[in-house]
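File shown: run_36.cif (mmCIF, C-alpha atoms).
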```cif
data_target
loop_
_atom_site.label_atom_id
_atom_site.label_comp_id
_atom_site.auth_asym_id
_atom_site.auth_seq_id
_atom_site.Cartn_x
_atom_site.Cartn_y
_atom_site.Cartn_z
CA MET A 191 78.52 86.85 70.27
CA ILE A 192 81.47 88.45 72.04
CA ILE A 193 81.09 90.71 75.08
CA LYS A 194 83.92 93.10 75.95
CA THR A 195 83.61 94.87 79.30
CA ASP A 196 85.24 98.09 80.42
CA LYS A 197 84.84 100.49 83.30
CA ILE A 198 85.13 104.29 83.39
CA ASP A 199 84.69 105.57 86.95
CA HIS A 200 81.45 104.00 88.16
CA ILE A 201 80.18 103.25 84.63
CA ASN A 202 80.30 99.71 83.27
CA ILE A 203 80.59 99.55 79.51
CA PHE A 204 79.55 96.42 77.66
CA SER A 205 80.51 96.27 73.99
CA ILE A 206 78.50 93.54 72.35
CA GLN A 207 79.61 92.08 69.06
CA GLY A 208 77.65 89.75 66.81
CA ARG A 209 74.22 88.30 67.43
CA LEU A 210 72.16 88.60 70.61
CA ASP A 211 69.66 85.76 70.20
CA SER A 212 68.20 82.74 72.00
CA ASN A 213 71.55 81.00 71.63
CA SER A 214 73.65 83.79 73.18
CA SER A 215 71.36 85.84 75.45
CA GLY A 216 72.17 83.60 78.43
CA ASP A 217 75.79 84.83 78.36
CA LEU A 218 74.77 88.48 78.56
CA GLU A 219 72.22 87.67 81.25
CA ARG A 220 74.86 86.01 83.44
CA GLN A 221 77.36 88.86 83.09
CA LEU A 222 74.98 91.81 83.32
CA ILE A 223 72.66 90.54 86.03
CA SER A 224 75.53 89.31 88.21
CA LEU A 225 77.14 92.79 88.16
CA ILE A 226 73.81 94.39 89.11
CA ASP A 227 73.41 91.85 91.89
CA GLN A 228 76.91 92.80 93.09
CA GLY A 229 75.75 96.40 93.45
CA GLU A 230 76.79 98.00 90.14
CA THR A 231 74.29 100.66 89.09
CA HIS A 232 75.48 102.38 85.90
CA PHE A 233 75.73 100.67 82.51
CA ILE A 234 76.33 101.58 78.90
CA LEU A 235 75.69 98.98 76.25
CA ASP A 236 77.71 99.78 73.14
CA PHE A 237 75.83 98.24 70.19
CA SER A 238 78.14 99.48 67.41
CA ALA A 239 79.07 95.88 66.54
CA LEU A 240 75.70 94.33 67.37
CA GLU A 241 74.36 92.92 64.12
CA TYR A 242 71.18 91.37 65.40
CA ILE A 243 68.83 91.15 68.36
CA SER A 244 65.82 88.90 68.96
CA SER A 245 63.17 88.85 71.69
CA ALA A 246 65.49 86.69 73.82
CA GLY A 247 67.97 89.61 73.85
CA LEU A 248 65.24 92.18 74.59
CA ARG A 249 64.12 90.01 77.48
CA VAL A 250 67.55 90.24 79.15
CA LEU A 251 67.70 94.02 78.63
CA LEU A 252 64.22 94.48 80.11
CA GLN A 253 65.11 92.27 83.04
CA ALA A 254 68.25 94.35 83.71
CA ALA A 255 66.38 97.66 83.27
CA LYS A 256 63.73 96.59 85.79
CA LYS A 257 66.36 95.61 88.35
CA LEU A 258 68.23 98.90 87.84
CA ASN A 259 65.05 100.94 88.01
CA ALA A 260 64.27 99.47 91.41
CA ILE A 261 67.67 100.57 92.79
CA HIS A 262 67.73 103.94 90.95
CA GLY A 263 70.45 102.73 88.59
CA LYS A 264 70.85 103.73 84.96
CA MET A 265 71.40 101.91 81.69
CA THR A 266 71.77 103.56 78.29
CA LEU A 267 72.52 102.26 74.82
CA CYS A 268 74.79 103.75 72.22
CA SER A 269 75.68 103.36 68.53
CA VAL A 270 72.60 101.27 67.73
CA ARG A 271 72.44 100.13 64.08
CA SER A 272 69.26 100.91 62.15
CA GLU A 273 67.99 97.30 61.88
CA VAL A 274 68.49 96.75 65.61
CA LYS A 275 66.88 100.13 66.37
CA GLN A 276 63.84 99.06 64.37
CA VAL A 277 63.33 96.08 66.70
CA PHE A 278 63.36 98.45 69.71
CA ASP A 279 60.88 100.73 67.93
CA ILE A 280 58.43 97.90 67.20
CA ALA A 281 58.70 96.54 70.75
CA GLY A 282 57.99 100.00 72.19
CA LEU A 283 61.35 100.07 73.95
CA THR A 284 62.74 103.36 72.64
CA SER A 285 60.84 105.15 75.41
CA ILE A 286 62.40 102.86 78.03
CA PHE A 287 66.03 102.82 76.85
CA SER A 288 67.78 106.09 76.11
CA MET A 289 70.05 105.87 73.08
CA PHE A 290 73.12 107.94 72.18
CA ASN A 291 74.96 108.19 68.90
CA ASP A 292 78.38 107.42 70.38
CA PRO A 293 79.96 106.09 73.59
CA ASN A 294 81.30 109.51 74.68
CA SER A 295 77.84 111.10 74.73
CA ALA A 296 76.53 108.12 76.69
CA VAL A 297 79.36 108.44 79.24
CA LYS A 298 78.69 112.19 79.63
CA ALA A 299 75.01 111.52 80.22
CA LEU A 300 75.77 109.04 83.01
CA MET A 301 78.51 111.09 84.74
CA MET B 158 59.48 82.16 37.62
CA ASP B 159 59.91 81.83 41.36
CA ILE B 160 63.36 80.95 42.73
CA LYS B 161 63.09 78.39 45.50
CA THR B 162 65.24 76.68 48.07
CA LYS B 163 64.48 74.12 50.76
CA ILE B 164 66.25 73.66 54.10
CA SER B 165 65.57 70.80 56.52
CA ILE B 166 66.71 70.79 60.14
CA ILE B 167 66.12 68.73 63.25
CA ASN B 168 64.56 70.12 66.45
CA GLN B 169 67.74 71.47 68.10
CA ILE B 170 68.35 75.18 68.90
CA PRO B 171 71.85 75.34 67.26
CA GLU B 172 70.22 74.26 63.97
CA ILE B 173 68.54 77.69 63.74
CA GLU B 174 71.88 79.25 62.83
CA LYS B 175 72.16 76.91 59.83
CA VAL B 176 68.82 78.15 58.55
CA CYS B 177 69.85 81.79 59.04
CA ASP B 178 73.12 81.13 57.17
CA SER B 179 71.17 79.59 54.29
CA VAL B 180 68.82 82.60 54.21
CA SER B 181 71.84 84.94 54.11
CA ALA B 182 73.36 82.96 51.23
CA PHE B 183 70.02 82.93 49.38
CA GLY B 184 69.68 86.66 49.98
CA GLU B 185 73.16 87.40 48.65
CA GLU B 186 72.69 85.25 45.54
CA ASN B 187 69.48 87.09 44.76
CA GLY B 188 70.56 90.59 45.73
CA LEU B 189 68.15 91.03 48.65
CA SER B 190 68.64 93.95 51.06
CA THR B 191 70.13 93.63 54.54
CA LYS B 192 66.77 94.82 55.89
CA ILE B 193 64.87 91.91 54.29
CA ILE B 194 67.45 89.35 55.44
CA PHE B 195 67.39 90.78 58.98
CA ALA B 196 63.58 90.51 59.13
CA PHE B 197 63.64 86.86 58.02
CA HIS B 198 66.46 85.97 60.43
CA LEU B 199 64.41 87.41 63.26
CA ALA B 200 61.19 85.68 62.17
CA LEU B 201 62.96 82.32 61.81
CA ASP B 202 64.75 82.72 65.12
CA GLU B 203 61.53 83.54 67.00
CA ILE B 204 59.32 80.91 65.35
CA LEU B 205 61.88 78.06 65.37
CA THR B 206 62.89 78.79 68.99
CA ASN B 207 59.22 78.49 69.99
CA ILE B 208 58.68 75.26 68.04
CA ILE B 209 61.88 73.62 69.31
CA SER B 210 61.55 74.81 72.94
CA TYR B 211 57.82 74.34 73.52
CA GLY B 212 56.33 72.44 70.61
CA TYR B 213 57.10 68.79 71.27
CA ARG B 214 55.62 66.48 73.86
CA ASP B 215 58.31 63.81 73.40
CA LYS B 216 62.09 63.92 73.36
CA ASP B 217 62.38 62.38 69.89
CA GLU B 218 64.07 63.85 66.87
CA HIS B 219 61.71 65.76 64.56
CA VAL B 220 62.34 67.29 61.17
CA ILE B 221 61.37 70.88 60.40
CA ASP B 222 61.24 71.92 56.74
CA ILE B 223 61.77 75.49 55.63
CA ASN B 224 60.91 76.59 52.09
CA LEU B 225 62.09 79.92 50.79
CA SER B 226 60.73 81.37 47.61
CA LEU B 227 61.53 84.58 45.85
CA GLN B 228 58.39 85.82 44.17
CA ALA B 229 57.64 88.96 42.18
CA GLY B 230 58.41 91.74 44.66
CA ALA B 231 58.37 89.58 47.78
CA LEU B 232 60.22 86.91 49.72
CA ALA B 233 58.06 84.12 51.14
CA LEU B 234 58.99 81.54 53.69
CA GLU B 235 57.13 78.43 54.76
CA ILE B 236 57.81 76.49 57.94
CA LEU B 237 56.43 72.94 58.13
CA ASP B 238 56.60 70.96 61.35
CA ASP B 239 54.75 68.29 63.32
CA SER B 240 54.81 70.04 66.71
CA VAL B 241 51.77 70.92 68.83
CA PRO B 242 49.43 73.17 66.76
CA PHE B 243 50.06 76.85 67.47
CA ASP B 244 48.39 79.69 65.62
CA PRO B 245 50.46 82.88 66.06
CA SER B 246 47.36 85.02 65.49
CA GLU B 247 46.04 83.67 68.80
CA ALA B 248 49.16 84.68 70.75
CA PRO B 249 48.45 87.36 73.37
CA VAL B 250 49.41 90.86 72.22
CA PRO B 251 51.87 92.55 74.62
CA ASP B 252 51.03 96.02 75.92
CA ILE B 253 54.05 97.95 74.66
CA ASN B 254 52.91 101.24 76.17
CA GLN B 255 53.19 100.19 79.78
CA PRO B 256 55.81 101.90 81.95
CA LEU B 257 58.92 99.89 82.77
CA GLU B 258 57.72 98.81 86.22
CA GLU B 259 54.65 97.13 84.75
CA ARG B 260 56.06 95.76 81.54
CA LYS B 261 56.36 92.02 81.11
CA ILE B 262 59.85 90.92 80.05
CA GLY B 263 58.61 88.23 77.66
CA GLY B 264 55.98 87.71 74.97
CA LEU B 265 57.57 89.97 72.36
CA GLY B 266 58.71 87.33 69.84
CA ILE B 267 55.50 86.68 67.88
CA TYR B 268 54.63 90.37 68.10
CA LEU B 269 57.94 91.27 66.40
CA VAL B 270 57.33 88.68 63.66
CA LYS B 271 53.82 89.99 62.92
CA ASN B 272 55.12 93.55 62.72
CA LEU B 273 58.13 92.79 60.54
CA MET B 274 56.20 90.66 58.04
CA ASP B 275 53.51 91.77 55.61
CA GLU B 276 51.66 88.44 55.77
CA VAL B 277 51.54 85.72 58.40
CA GLU B 278 49.31 82.76 57.63
CA TYR B 279 48.90 79.60 59.69
CA LYS B 280 47.27 76.30 58.72
CA SER B 281 47.19 72.97 60.45
CA LYS B 282 46.32 69.82 58.53
CA ASP B 283 46.87 66.11 59.23
CA GLY B 284 49.21 66.86 62.12
CA ILE B 285 51.40 69.24 60.11
CA ASN B 286 51.65 72.95 60.89
CA ARG B 287 52.27 75.18 57.92
CA LEU B 288 53.24 78.76 58.70
CA THR B 289 53.71 81.11 55.75
CA LEU B 290 55.48 84.44 56.15
CA LYS B 291 55.78 87.00 53.41
CA LYS B 292 57.54 90.34 53.14
CA LYS B 293 57.43 92.70 50.20
CA PHE B 294 60.46 94.63 49.05
#
```
Will you turn the file into structure tokens for me?
Amino acid sequence: MIIKTDKIDHINIFSIQGRLDSNSSGDLERQLISLIDQGETHFILDFSALEYISSAGLRVLLQAAKKLNAIHGKMTLCSVRSEVKQVFDIAGLTSIFSMFNDPNSAVKALM
Amino acid sequence: MDIKTKISIINQIPEIEKVCDSVSAFGEENGLSTKIIFAFHLALDEILTNIISYGYRDKDEHVIDINLSLQAGALALEILDDSVPFDPSEAPVPDINQPLEERKIGGLGIYLVKNLMDEVEYKSKDGINRLTLKKKF
């Protein structure tokens, strides 16, 4: 898994490439949670190159969402592939994470 | 006739990737859809992570065997291991309708497997766990 990070105004954009599983979720956890702990409140996770997610990945996202919720922060997802989207559907997470078709729409929503 | 393949790994997390690679190769050789391969990657990842992380009381090396078989209209997978018996049907079912504040962050793995597969069958005999997963296509 490769994580590319970017920032537009106050919005942190994480582009995640490859597989978010038990082997790699620790990397995302370290990067995402440490930014939240530093006071960052707005995040977009660009999943256009995310091929796969397991429960270990969902765990990190839920952990981040809970932290952000407590400080009135926001996290949205964009460009989620259909197989990955299916995992969110089954886990009942589509009501918790808003999803946009492309990064621009996600940025507009968080501005 | 069924087409079969067998993969053996030891109880180390990085070994899971080898199994997933073998499933991808098997899937490509037999023209299986990305959706089927994705479902089996996820099931293997969840089940093997549980076995390797929580299933052994010692620190010894253990072998886990994985059998794949392409049947008429379905892909079946069997995981055989000598870890602590664990029947996935007895795993607690997460409440996926809870609001974010109340949701637990874990416990989704087995739930995902049960939902992605058409059949999940567990048997334990003579110290060997045999978990069979099947998905129709």
* Written as a ChimeraX atom specification, which residues does the PyMOL selection byres ((chain A and resi 293) around 10) give for the file shown? -> /A:203,205,234-238,266-269,289-292,294-299
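Minimum distance to Asn213 of chain A across B:Pro171, B:Gly212, B:Pro256, B:Gly266 (counting all atoms listed in the file) occurs at B:Pro171.
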* the PyMOL selection byres ((chain B) within 12 of (chain A)) applied to the shown file, residues as a VMD selection string -> chain B and resid 169 to 174 177 190 to 207 209 to 210 250 to 274
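Proximity ranking of B:Ala229, B:Leu237, B:Ala182, B:Leu290 relative to Ser165 of chain B places B:Leu237 first, based on all atoms listed in the file.
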* To do: Spell out the residues picked by the PyMOL selection byres ((chain B and resi 224-227) around 9) here, as a ChimeraX atom specification.
  => /B:158-165,180,183,187,222-223,228-237
* Test item: residues at most 8 Å from Ile193 of chain A, all atoms listed in the file, excluding those fewer than 4 positions along its chain, as an MDAnalysis selection string -> chainID A and resid 204:207 218
To test the calculation: enclose all listed atoms of segment 195-200 of chain B in a box whose edges run along x, y and z, add 8 Å on each side, then state centre and edge lengths in Å to one decimal, as AutoDock Vina command-line options.
```
--center_x 64.3 --center_y 88.2 --center_z 60.6 --size_x 22.2 --size_y 21.1 --size_z 21.2
```
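Picture a line from atom CA of Asp238 of chain B to atom CA of Ile166 of chain B; it runs 10.2 Å.
With all atoms listed in the file as the atoms that count, the minimum distance from Arg271 of chain A to the choices A:Leu225, A:Ile201, A:Ala239, A:Met301 is reached by A:Ala239.
Interatomic distance, atom CA of Phe233 of chain A against atom CA of Leu300 of chain A: 8.4 Å.
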* **A:His262, A:Lys197, A:Arg209, A:His232 ranked by distance to Gly247 of chain A, top pick (using all atoms listed in the file)** => A:Arg209
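Going from atom CA of Pro242 of chain B to atom CA of Ser181 of chain B covers 28.3 Å.
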* Asked: If you count all atoms listed in the file, which residues fall within 10 Å of Gly229 of chain A, apart from same-chain ones fewer than 5 positions away, as a count of residues only?
  -> 5
Taking 2 positions as the minimum chain separation for residues in the same chain, which residues sit within 9 Å of Ile285 of chain B when counting all atoms listed in the file? Answer as a short mmCIF file (atom, residue, chain, number, x, y, z; two decimals) with C-alpha atoms, in the coordinates of the input.
```
data_model
loop_
_atom_site.label_atom_id
_atom_site.label_comp_id
_atom_site.auth_asym_id
_atom_site.auth_seq_id
_atom_site.Cartn_x
_atom_site.Cartn_y
_atom_site.Cartn_z
CA LEU B 237 56.43 72.94 58.13
CA ASP B 238 56.60 70.96 61.35
CA ASP B 239 54.75 68.29 63.32
CA SER B 240 54.81 70.04 66.71
CA VAL B 241 51.77 70.92 68.83
CA PRO B 242 49.43 73.17 66.76
CA LYS B 280 47.27 76.30 58.72
CA SER B 281 47.19 72.97 60.45
CA LYS B 282 46.32 69.82 58.53
CA ASP B 283 46.87 66.11 59.23
CA ARG B 287 52.27 75.18 57.92
#
```
